[in-house]
>>> print(open('entry.txt').read())   # compact mmCIF, C-alpha atoms
# COMPACT_ATOMS: atom_id res chain seq x y z
CA MET A 1 -11.34 1.81 75.37
CA GLU A 2 -12.19 0.66 78.88
CA LEU A 3 -9.51 1.25 81.44
CA VAL A 4 -8.97 -1.07 84.37
CA THR A 5 -9.03 0.98 87.58
CA PRO A 6 -6.12 0.44 89.99
CA GLY A 7 -8.41 -0.69 92.82
CA ASP A 8 -9.99 -3.35 90.71
CA GLY A 9 -7.49 -6.09 91.42
CA GLY A 10 -9.81 -9.02 91.18
CA GLU A 11 -10.67 -8.45 87.58
CA GLN A 12 -7.07 -7.97 86.66
CA GLN A 13 -6.14 -11.23 88.29
CA GLN A 14 -8.92 -12.96 86.45
CA GLN A 15 -7.65 -11.53 83.18
CA GLN A 16 -4.16 -12.73 83.95
CA GLN A 17 -5.45 -16.18 84.71
CA GLN A 18 -7.34 -16.21 81.44
CA GLN A 19 -4.19 -15.22 79.60
CA GLN A 20 -2.24 -17.96 81.30
CA MET A 21 -4.85 -20.47 80.24
CA LEU A 22 -4.77 -19.10 76.73
CA TYR A 23 -1.04 -19.62 76.36
CA SER A 24 -1.04 -22.96 78.22
CA SER A 25 1.91 -22.02 80.38
CA ASP A 26 2.07 -25.48 81.91
CA SER A 27 3.73 -26.92 78.84
CA PHE A 28 7.41 -27.75 78.70
CA PHE A 29 8.28 -24.83 76.43
CA PRO A 30 5.92 -22.00 77.39
CA PRO A 31 4.91 -20.00 74.31
CA GLN A 32 6.26 -16.52 74.09
CA GLY A 33 2.81 -14.97 74.51
CA ARG A 34 2.64 -11.27 75.03
CA THR A 35 6.14 -10.26 73.95
CA SER A 36 5.31 -10.76 70.32
CA GLY A 37 1.80 -9.39 70.81
CA PHE A 38 1.38 -5.68 70.24
CA GLY A 39 5.12 -5.10 70.05
CA PHE A 40 5.09 -3.79 66.54
CA VAL A 41 2.25 -1.40 67.30
CA THR A 42 3.62 0.07 70.50
CA THR A 43 7.13 0.91 69.33
CA THR A 44 7.74 4.61 68.87
CA LEU A 45 8.13 4.30 65.16
CA SER A 46 4.86 2.49 64.87
CA LYS A 47 3.17 5.19 66.92
CA VAL A 48 4.32 7.81 64.46
CA VAL A 49 3.23 5.60 61.63
CA ASP A 50 -0.09 5.15 63.41
CA LEU A 51 -0.57 8.91 63.58
CA LEU A 52 0.08 9.21 59.89
CA GLY A 53 -2.47 6.49 59.25
CA ALA A 54 0.09 4.40 57.44
CA ASP A 55 -0.31 1.26 59.54
CA LYS A 56 -3.13 0.18 57.29
CA TYR A 57 -0.77 0.12 54.34
CA ILE A 58 1.95 -1.59 56.32
CA ARG A 59 -0.49 -4.34 57.21
CA LEU A 60 -1.55 -4.57 53.60
CA ALA A 61 2.06 -4.98 52.51
CA ARG A 62 2.71 -7.48 55.27
CA LYS A 63 -0.35 -9.47 54.35
CA HIS A 64 0.79 -9.91 50.77
CA SER A 65 4.41 -10.84 51.46
CA VAL A 66 4.32 -13.62 54.02
CA TRP A 67 7.34 -15.87 53.58
CA PRO A 68 6.84 -19.35 55.00
CA ALA A 69 9.62 -21.35 56.60
CA LEU A 70 10.19 -24.87 55.33
CA PHE A 71 8.95 -27.10 58.09
CA GLY A 72 7.67 -30.27 56.46
CA LEU A 73 7.64 -33.09 59.00
CA ALA A 74 5.56 -35.80 57.35
CA CYS A 75 3.02 -36.52 54.62
CA CYS A 76 1.40 -33.08 55.02
CA ALA A 77 4.62 -31.67 53.59
CA ILE A 78 3.74 -33.25 50.22
CA GLU A 79 0.50 -31.28 50.17
CA MET A 80 2.41 -28.18 51.24
CA MET A 81 4.76 -28.66 48.29
CA ALA A 82 1.77 -29.11 45.99
CA THR A 83 0.35 -25.86 47.37
CA SER A 84 3.48 -24.03 46.39
CA GLY A 85 3.53 -25.72 42.99
CA SER A 86 2.04 -24.33 39.82
CA ARG A 87 -1.29 -26.16 40.00
CA PHE A 88 -2.45 -24.57 43.25
CA ASP A 89 0.10 -21.80 43.34
CA ILE A 90 0.22 -20.07 46.70
CA SER A 91 2.27 -17.34 45.01
CA ARG A 92 -1.05 -15.83 43.96
CA PHE A 93 -1.22 -14.62 47.57
CA GLY A 94 2.41 -13.61 47.86
CA ALA A 95 3.62 -16.60 49.86
CA GLU A 96 5.61 -18.53 47.29
CA VAL A 97 9.02 -17.71 48.76
CA PHE A 98 9.59 -20.73 51.01
CA ARG A 99 12.75 -19.90 52.92
CA ALA A 100 15.19 -22.49 54.23
CA SER A 101 16.31 -20.09 56.97
CA PRO A 102 14.09 -19.09 59.88
CA ARG A 103 15.78 -15.67 59.87
CA GLN A 104 14.06 -14.84 56.61
CA SER A 105 10.62 -16.25 57.41
CA ASP A 106 7.41 -14.81 58.82
CA LEU A 107 5.28 -17.92 58.84
CA MET A 108 5.90 -21.42 60.07
CA ILE A 109 3.67 -24.06 58.49
CA VAL A 110 3.99 -27.05 60.80
CA ALA A 111 3.19 -29.79 58.28
CA GLY A 112 3.07 -33.16 60.01
CA ARG A 113 3.32 -34.90 63.35
CA VAL A 114 5.81 -33.42 65.81
CA SER A 115 7.70 -36.03 67.78
CA ILE A 116 8.87 -35.26 71.29
CA LYS A 117 12.43 -35.41 70.02
CA MET A 118 11.61 -32.80 67.36
CA ALA A 119 9.81 -30.48 69.81
CA PRO A 120 12.90 -28.57 71.06
CA VAL A 121 14.11 -28.18 67.45
CA LEU A 122 10.78 -26.75 66.36
CA ARG A 123 10.71 -24.37 69.27
CA GLN A 124 14.26 -23.19 68.52
CA ILE A 125 13.46 -22.52 64.87
CA TYR A 126 10.35 -20.61 65.96
CA ASP A 127 12.45 -18.54 68.35
CA GLN A 128 14.93 -17.76 65.56
CA MET A 129 12.22 -16.25 63.36
CA PRO A 130 12.01 -12.46 63.57
CA ASP A 131 8.85 -10.77 64.85
CA PRO A 132 6.11 -10.56 63.76
CA LYS A 133 5.73 -14.27 63.10
CA TRP A 134 2.80 -16.56 62.59
CA VAL A 135 2.17 -20.30 62.80
CA ILE A 136 -0.19 -22.47 60.80
CA SER A 137 -0.80 -25.90 62.30
CA MET A 138 -1.39 -28.04 59.23
CA GLY A 139 -3.37 -31.27 59.56
CA ALA A 140 -4.76 -33.40 62.34
CA CYS A 141 -1.36 -34.52 63.69
CA ALA A 142 0.08 -31.05 64.16
CA SER A 143 -3.21 -29.77 65.60
CA CYS A 144 -4.02 -32.51 68.11
CA GLY A 145 -1.81 -35.56 67.58
CA GLY A 146 -4.16 -37.11 65.04
CA VAL A 147 -4.00 -40.89 64.86
CA PHE A 148 -0.72 -40.86 66.76
CA ASN A 149 -2.10 -40.92 70.28
CA ASN A 150 1.08 -42.47 71.64
CA TYR A 151 4.17 -41.92 73.72
CA ALA A 152 6.30 -40.43 70.95
CA ILE A 153 4.16 -37.65 69.45
CA VAL A 154 3.35 -34.20 70.84
CA GLN A 155 -0.42 -34.01 71.16
CA GLY A 156 -0.81 -30.71 69.34
CA VAL A 157 1.91 -28.26 68.33
CA ASP A 158 0.13 -25.51 70.31
CA LYS A 159 1.76 -27.03 73.39
CA ILE A 160 5.07 -25.69 72.07
CA VAL A 161 4.33 -22.59 69.99
CA PRO A 162 1.28 -20.28 69.76
CA VAL A 163 -0.80 -21.21 66.72
CA ASP A 164 -2.77 -18.78 64.54
CA VAL A 165 -4.70 -21.06 62.23
CA TYR A 166 -5.46 -24.77 62.50
CA VAL A 167 -6.13 -26.73 59.33
CA ALA A 168 -8.28 -29.86 59.52
CA GLY A 169 -7.63 -32.87 57.35
CA CYS A 170 -5.37 -35.87 57.04
CA PRO A 171 -3.67 -34.51 55.08
CA PRO A 172 -5.47 -31.25 54.26
CA THR A 173 -5.91 -30.54 50.58
CA PRO A 174 -3.90 -27.68 49.08
CA GLU A 175 -7.17 -25.74 48.87
CA ALA A 176 -7.61 -26.11 52.63
CA LEU A 177 -4.11 -24.81 53.24
CA ILE A 178 -4.74 -21.86 50.93
CA THR A 179 -7.99 -21.11 52.79
CA ALA A 180 -6.09 -21.22 56.06
CA PHE A 181 -3.53 -18.88 54.60
CA ASN A 182 -6.28 -16.50 53.52
CA MET A 183 -7.66 -16.56 57.06
CA LEU A 184 -4.20 -15.70 58.33
CA GLN A 185 -4.04 -12.81 55.86
CA GLU A 186 -7.34 -11.58 57.29
CA LYS A 187 -5.84 -11.66 60.77
CA ILE A 188 -2.82 -9.71 59.61
CA GLU A 189 -4.99 -7.17 57.84
CA HIS A 190 -7.08 -6.59 60.96
CA GLY A 191 -3.97 -6.17 63.09
CA ILE A 192 -4.56 -9.18 65.29
CA PRO A 193 -1.29 -10.09 67.01
CA PRO A 194 0.30 -13.48 66.33
CA GLY A 195 -0.89 -16.36 68.45
CA VAL A 196 -3.98 -14.52 69.68
CA SER A 197 -7.56 -15.44 68.90
CA PRO A 198 -9.35 -12.63 66.97
CA ALA A 199 -12.19 -12.49 69.50
CA VAL A 200 -9.78 -12.16 72.44
CA ALA A 201 -7.72 -9.50 70.68
CA HIS A 202 -10.83 -7.48 69.95
CA ALA A 203 -12.18 -7.78 73.49
CA GLU A 204 -8.85 -6.66 74.98
CA ASN A 205 -8.13 -3.80 72.60
CA PRO A 206 -11.24 -2.70 70.75
CA ASN A 207 -9.50 0.45 69.54
CA LEU A 208 -6.33 -1.17 68.28
CA VAL A 209 -7.88 -4.12 66.53
CA ARG A 210 -10.04 -3.05 63.65
CA LEU A 211 -12.11 -6.17 63.53
CA ASP A 212 -14.70 -6.93 60.96
CA MET A 213 -17.07 -9.04 63.03
CA ALA A 214 -18.02 -11.01 59.94
CA SER A 215 -14.51 -12.39 59.82
CA ILE A 216 -14.87 -14.20 63.14
CA ALA A 217 -18.44 -15.33 62.63
CA PRO A 218 -18.85 -19.08 62.06
CA TYR A 219 -19.17 -20.21 58.49
CA PRO A 220 -22.79 -20.62 57.36
CA GLY A 221 -24.08 -24.22 57.47
CA MET B 1 8.66 -72.78 47.77
CA THR B 2 6.81 -74.55 50.53
CA THR B 3 9.45 -76.94 51.80
CA VAL B 4 12.85 -76.39 53.29
CA SER B 5 15.63 -77.58 51.02
CA GLU B 6 17.79 -80.53 52.02
CA GLU B 7 20.81 -78.26 52.06
CA MET B 8 19.23 -76.01 54.69
CA ARG B 9 18.13 -79.00 56.73
CA GLN B 10 21.70 -80.24 56.65
CA LEU B 11 22.81 -76.84 57.90
CA GLY B 12 20.37 -77.13 60.79
CA TYR B 13 21.81 -80.55 61.71
CA GLU B 14 25.32 -79.18 61.59
CA LEU B 15 24.38 -76.27 63.84
CA SER B 16 22.69 -78.59 66.34
CA ALA B 17 25.76 -80.82 66.38
CA GLN B 18 28.10 -77.86 66.82
CA PHE B 19 26.21 -76.35 69.79
CA ALA B 20 24.80 -79.55 71.22
CA ASP B 21 23.82 -78.45 74.70
CA ASN B 22 22.99 -74.91 73.75
CA PHE B 23 20.81 -75.83 70.80
CA LEU B 24 17.11 -75.54 71.65
CA GLY B 25 15.40 -76.77 68.50
CA SER B 26 14.31 -75.95 65.01
CA ARG B 27 11.10 -75.42 63.13
CA GLU B 28 10.07 -75.63 59.52
CA ASP B 29 7.06 -73.60 58.53
CA ARG B 30 5.96 -72.63 55.00
CA GLY B 31 9.41 -73.30 53.63
CA GLU B 32 11.13 -71.21 56.27
CA LEU B 33 13.66 -72.60 58.70
CA THR B 34 13.94 -71.25 62.25
CA LEU B 35 16.73 -72.30 64.57
CA TRP B 36 16.65 -71.73 68.33
CA VAL B 37 19.77 -71.47 70.45
CA LEU B 38 20.45 -70.44 74.04
CA PRO B 39 21.89 -66.95 74.77
CA PRO B 40 25.50 -68.07 75.58
CA VAL B 41 26.11 -69.19 71.99
CA TRP B 42 24.09 -66.44 70.28
CA ARG B 43 27.09 -64.81 68.68
CA GLU B 44 28.85 -68.03 67.79
CA ALA B 45 25.72 -69.44 66.16
CA ALA B 46 25.38 -66.27 64.11
CA ARG B 47 29.02 -66.53 63.11
CA PHE B 48 28.50 -70.17 62.18
CA LEU B 49 25.60 -69.29 59.89
CA ARG B 50 27.48 -66.37 58.36
CA ASP B 51 30.41 -68.60 57.55
CA ALA B 52 28.00 -71.16 56.11
CA GLY B 53 27.02 -68.62 53.45
CA TYR B 54 24.31 -66.48 55.05
CA ASN B 55 26.35 -63.35 54.54
CA HIS B 56 23.72 -60.65 54.96
CA LEU B 57 22.04 -59.67 58.22
CA SER B 58 18.60 -58.80 56.93
CA ASP B 59 16.88 -58.00 60.20
CA LEU B 60 17.54 -58.11 63.91
CA THR B 61 14.70 -57.50 66.29
CA ALA B 62 13.00 -58.67 69.46
CA VAL B 63 9.55 -59.77 70.56
CA ASP B 64 8.05 -59.37 74.02
CA TYR B 65 5.90 -62.29 75.19
CA LEU B 66 4.76 -60.70 78.44
CA ASP B 67 3.41 -63.80 80.18
CA ARG B 68 6.21 -66.18 79.18
CA ASP B 69 9.05 -66.82 81.60
CA PRO B 70 12.08 -66.04 79.46
CA ARG B 71 10.21 -62.98 78.38
CA PHE B 72 11.87 -61.86 75.16
CA ASP B 73 12.63 -63.49 71.84
CA LEU B 74 15.67 -62.12 70.06
CA MET B 75 15.50 -62.82 66.37
CA ALA B 76 17.90 -62.43 63.46
CA ILE B 77 17.05 -63.03 59.83
CA MET B 78 20.08 -63.84 57.72
CA ALA B 79 19.98 -63.90 53.96
CA SER B 80 22.35 -65.52 51.53
CA HIS B 81 23.05 -63.66 48.35
CA VAL B 82 24.57 -66.82 46.87
CA LYS B 83 21.81 -69.30 47.72
CA CYS B 84 18.99 -66.74 47.36
CA ASP B 85 17.59 -67.97 50.64
CA PHE B 86 17.28 -66.95 54.26
CA VAL B 87 17.33 -68.53 57.69
CA ARG B 88 15.99 -67.29 61.02
CA LEU B 89 18.00 -67.55 64.22
CA LYS B 90 16.28 -67.05 67.55
CA THR B 91 17.14 -66.99 71.21
CA VAL B 92 15.16 -66.46 74.41
CA LEU B 93 16.03 -63.84 77.02
CA GLY B 94 14.68 -63.13 80.47
CA LEU B 95 14.09 -59.64 81.83
CA GLY B 96 17.41 -57.88 82.46
CA GLU B 97 19.43 -60.69 80.93
CA PRO B 98 22.25 -59.38 78.72
CA VAL B 99 23.29 -61.02 75.47
CA ASP B 100 26.39 -60.89 73.29
CA SER B 101 26.44 -58.21 70.64
CA LEU B 102 26.60 -59.26 66.99
CA VAL B 103 28.76 -56.27 66.01
CA PRO B 104 31.95 -58.41 65.78
CA VAL B 105 30.12 -60.61 63.26
CA TRP B 106 28.19 -57.94 61.32
CA THR B 107 29.13 -54.30 61.82
CA GLY B 108 25.69 -53.43 60.49
CA SER B 109 23.99 -54.90 63.54
CA ASN B 110 25.15 -51.84 65.49
CA TRP B 111 22.05 -49.72 64.93
CA PHE B 112 19.67 -52.71 65.07
CA GLU B 113 20.93 -53.44 68.57
CA ARG B 114 20.69 -49.83 69.60
CA GLU B 115 17.07 -49.87 68.47
CA ILE B 116 16.35 -53.03 70.48
CA TYR B 117 18.08 -51.49 73.49
CA ASP B 118 16.03 -48.31 73.03
CA LEU B 119 12.62 -49.93 72.66
CA PHE B 120 12.95 -53.19 74.62
CA GLY B 121 15.71 -52.47 77.12
CA ILE B 122 17.80 -55.51 76.18
CA GLU B 123 21.48 -54.93 76.87
CA PHE B 124 24.15 -56.08 74.44
CA GLN B 125 27.59 -56.93 75.75
CA ASP B 126 30.63 -55.64 73.84
CA HIS B 127 28.51 -53.21 71.87
CA PRO B 128 30.72 -50.22 70.88
CA ASP B 129 28.11 -47.49 71.40
CA LEU B 130 25.05 -48.73 73.24
CA LYS B 131 22.71 -45.75 73.62
CA ARG B 132 19.22 -44.74 72.52
CA ILE B 133 18.80 -44.30 68.79
CA LEU B 134 15.18 -43.19 68.21
CA LEU B 135 13.88 -41.69 71.44
CA PRO B 136 15.39 -38.65 73.19
CA ALA B 137 18.48 -39.45 75.24
CA ASP B 138 16.74 -38.55 78.51
CA TYR B 139 13.69 -40.73 77.82
CA GLN B 140 12.56 -43.07 80.59
CA GLY B 141 11.27 -46.55 79.85
CA HIS B 142 11.16 -48.90 76.88
CA PRO B 143 7.96 -48.39 74.88
CA LEU B 144 7.78 -51.62 72.86
CA ARG B 145 7.54 -53.70 76.02
CA LYS B 146 4.03 -55.06 76.36
CA ASP B 147 3.62 -53.63 79.88
CA TYR B 148 4.35 -50.07 78.70
CA PRO B 149 1.25 -47.87 78.28
CA VAL B 150 0.89 -46.97 74.61
CA THR B 151 0.15 -43.31 75.34
CA GLY B 152 3.17 -43.07 77.62
CA PRO B 153 3.20 -42.95 81.42
CA ALA B 154 0.67 -40.65 83.10
CA GLY B 155 1.85 -37.06 83.39
CA SER B 156 4.40 -37.33 80.60
CA ARG B 157 5.36 -34.29 78.54
CA PHE B 158 3.12 -32.68 75.92
CA ARG B 159 -0.06 -34.56 76.78
>>> encode(input="entry.txt", output="structure tokens")
Amino acid sequence: MELVTPGDGGEQQQQQQQQQMLYSSDSFFPPQGRTSGFGFVTTTLSKVVDLLGADKYIRLARKHSVWPALFGLACCAIEMMATSGSRFDISRFGAEVFRASPRQSDLMIVAGRVSIKMAPVLRQIYDQMPDPKWVISMGACASCGGVFNNYAIVQGVDKIVPVDVYVAGCPPTPEALITAFNMLQEKIEHGIPPGVSPAVAHAENPNLVRLDMASIAPYPG
Amino acid sequence: MTTVSEEMRQLGYELSAQFADNFLGSREDRGELTLWVLPPVWREAARFLRDAGYNHLSDLTAVDYLDRDPRFDLMAIMASHVKCDFVRLKTVLGLGEPVDSLVPVWTGSNWFEREIYDLFGIEFQDHPDLKRILLPADYQGHPLRKDYPVTGPAGSRFR
């Protein structure tokens, strides 16, 4: 792992700037950013666990028991319900337990357009979820505003909370949501902290993040 | 039904006689009757129509004609559950001109008027709880006005 020398201030500053850009700190509710980053790895307990080599199994367990919070905001929620239903059955991946309380959830699937009035509510529910927590931005509206390029809709939920996986579609099919969920599972398995791009996490901490480079390569044509 | 019934026409005559100076005119189009009045008698005209049998306030909304001098149209659609028919009552309002609330006539017009206040900025006198209903309480501006940018003012939140 490369260490930044104390005299090398310029590079550090540049890194900080990059981080600030990454978390878009100019938004109304700045995302939490680093606090939820490597927190679970750097605690003493986790260090011991790390020494024992058990973190791999913890990640494996975590990956297969992600509990999503109910956050259906619009038509995407119908597809989300279908995903949890028997036909598509997200319980095959251990995520069938949709919780009505943020205290019991690990994953927030933002399904639908977020209005400016809903933004503080969404942020509060995200804050109430215990670490580690992940966010899937489902559909065009949650990802970038979609067709609602107007005064009332937040142009992308990543202006409020850090997002792990974006799902394209209007609305995305249940298969697309399941694929997104599988991508999230890959992130969890490789130990990539919530809200951080896999490439960035790997570049910052090549020793901590066991990254299979194939997992961040673009899909073949 | 492509023509207005004689009974409704008679109602229009009665309304025009009742509010002589404040009656603007009427229009029949595709079997629908529209009656225009001036703002001072807005509530009384609505009460008149309600008492004439149009017991249900079906819709209450506004239209912004940006280039016209009294800029806004305020429009109420009243339905009669007895006659199985409806009539449209309209008035014209300039910018910043208040109008009487219809809450004393129909309690249900409360939220309609809050919506109009929220999106058009028309003020209703004697309204029990005139505040924004859809947009956040601290929102600036009235988005359904034709001179409001559809994507919100420059530099607004979350853009």
>>> residues_around(input="entry.txt", residues="segment 109-118 of chain A", least_positions_apart="2", cutoff="6 Å", atoms="only C-alpha atoms", output="JSON, numbers by chain")
{"A": [71, 72, 73, 74, 76, 77, 120, 121, 135, 136, 137, 138, 141, 142, 152, 153, 154], "B": [136]}
>>> residues_around(input="entry.txt", residues="Gly94 of chain B", least_positions_apart="5", cutoff="7 Å", atoms="only C-alpha atoms", output="ChimeraX atom specification")
/B:69-72
>>> write_last_selection(input="entry.txt", atoms="C-alpha atoms", output="PDB file, keeping the file's coordinate frame")
ATOM      1  CA  ASP B  69       9.050 -66.820  81.600  1.00  0.00           C
ATOM      2  CA  PRO B  70      12.080 -66.040  79.460  1.00  0.00           C
ATOM      3  CA  ARG B  71      10.210 -62.980  78.380  1.00  0.00           C
ATOM      4  CA  PHE B  72      11.870 -61.860  75.160  1.00  0.00           C
TER       5      PHE B  72
END
>>> atom_distance(input="entry.txt", atom1="atom CA of Asn22 of chain B", atom2="atom CA of Leu49 of chain B")
15.2 Å
>>> closest_atom_pairs(input="entry.txt", of="chain B", to="chain A", cutoff="8 Å", atoms="only C-alpha atoms", output="CSV")
residue,atom,partner,partner_atom,distance
B:Leu135,CA,A:Lys117,CA,6.6
B:Pro136,CA,A:Lys117,CA,5.4
B:Pro143,CA,A:Tyr151,CA,7.6
B:Val150,CA,A:Asn150,CA,5.4
B:Thr151,CA,A:Asn150,CA,3.9
B:Gly152,CA,A:Tyr151,CA,4.2
B:Pro153,CA,A:Tyr151,CA,7.8
B:Arg157,CA,A:Phe28,CA,6.9
B:Phe158,CA,A:Val154,CA,5.3
B:Arg159,CA,A:Gln155,CA,5.7
>>> write_last_selection(input="entry.txt", atoms="C-alpha atoms", output="mmCIF file, in the coordinates of the input")
data_model
loop_
_atom_site.group_PDB
_atom_site.id
_atom_site.type_symbol
_atom_site.label_atom_id
_atom_site.label_comp_id
_atom_site.auth_asym_id
_atom_site.auth_seq_id
_atom_site.Cartn_x
_atom_site.Cartn_y
_atom_site.Cartn_z
ATOM 1 C CA LEU B 135 13.880 -41.690 71.440
ATOM 2 C CA PRO B 136 15.390 -38.650 73.190
ATOM 3 C CA PRO B 143 7.960 -48.390 74.880
ATOM 4 C CA VAL B 150 0.890 -46.970 74.610
ATOM 5 C CA THR B 151 0.150 -43.310 75.340
ATOM 6 C CA GLY B 152 3.170 -43.070 77.620
ATOM 7 C CA PRO B 153 3.200 -42.950 81.420
ATOM 8 C CA ARG B 157 5.360 -34.290 78.540
ATOM 9 C CA PHE B 158 3.120 -32.680 75.920
ATOM 10 C CA ARG B 159 -0.060 -34.560 76.780
#
>>> atom_distance(input="entry.txt", atom1="atom CA of Arg145 of chain B", atom2="atom CA of Gly108 of chain B")
23.9 Å
>>> residues_around(input="entry.txt", residues="Phe93 of chain A", least_positions_apart="5", cutoff="9 Å", atoms="only C-alpha atoms", output="PDB file with C-alpha atoms, keeping the file's coordinate frame")
ATOM      1  CA  LYS A  63      -0.350  -9.470  54.350  1.00  0.00           C
ATOM      2  CA  HIS A  64       0.790  -9.910  50.770  1.00  0.00           C
ATOM      3  CA  SER A  65       4.410 -10.840  51.460  1.00  0.00           C
ATOM      4  CA  VAL A  66       4.320 -13.620  54.020  1.00  0.00           C
ATOM      5  CA  ILE A 178      -4.740 -21.860  50.930  1.00  0.00           C
ATOM      6  CA  PHE A 181      -3.530 -18.880  54.600  1.00  0.00           C
ATOM      7  CA  ASN A 182      -6.280 -16.500  53.520  1.00  0.00           C
ATOM      8  CA  GLN A 185      -4.040 -12.810  55.860  1.00  0.00           C
TER       9      GLN A 185
END
>>> residues_around(input="entry.txt", residues="Leu11 of chain B", least_positions_apart="6", cutoff="10 Å", atoms="all atoms listed in the file", output="list in words")
Ser5, Ala17, Phe48, Leu49, Ala52 and Val87 of chain B
>>> write_last_selection(input="entry.txt", atoms="C-alpha atoms", output="CSV table (one decimal), in the coordinates of the input")
chain,number,residue,atom,x,y,z
B,5,SER,CA,15.6,-77.6,51.0
B,17,ALA,CA,25.8,-80.8,66.4
B,48,PHE,CA,28.5,-70.2,62.2
B,49,LEU,CA,25.6,-69.3,59.9
B,52,ALA,CA,28.0,-71.2,56.1
B,87,VAL,CA,17.3,-68.5,57.7
>>> atom_distance(input="entry.txt", atom1="atom CA of Gly96 of chain B", atom2="atom CA of Leu57 of chain B")
24.7 Å
>>> closest_residue(input="entry.txt", among="B:Gln10, B:Ser101, B:Gln140, B:Thr107", to="Asp126 of chain B", atoms="all atoms listed in the file")
B:Ser101
>>> residues_around(input="entry.txt", residues="Lys131 of chain B", least_positions_apart="3", cutoff="8 Å", atoms="all atoms listed in the file", output="PyMOL selection string")
chain B and resi 114+117-118+137
>>> write_last_selection(input="entry.txt", atoms="C-alpha atoms", output="PDB file, keeping the file's coordinate frame")
ATOM      1  CA  ARG B 114      20.690 -49.830  69.600  1.00  0.00           C
ATOM      2  CA  TYR B 117      18.080 -51.490  73.490  1.00  0.00           C
ATOM      3  CA  ASP B 118      16.030 -48.310  73.030  1.00  0.00           C
ATOM      4  CA  ALA B 137      18.480 -39.450  75.240  1.00  0.00           C
TER       5      ALA B 137
END
>>> axis_aligned_box(input="entry.txt", around="segment 19-25 of chain B", padding_each_side="5 Å", output="JSON")
{"center_x": 20.8, "center_y": -77.2, "center_z": 71.6, "size_x": 20.8, "size_y": 14.6, "size_z": 16.2}
>>> residues_near_point(input="entry.txt", point="(21.2, -61.7, 66.7)", cutoff="9 Å", atoms="all atoms listed in the file", output="PyMOL selection string")
chain B and resi 42-43+45-46+57+59-61+74-77+89-91+100-102+109+113
>>> closest_residue(input="entry.txt", among="A:Arg87, A:Asp164, A:Gln104, A:Arg92", to="Ile192 of chain A", atoms="all atoms listed in the file")
A:Asp164
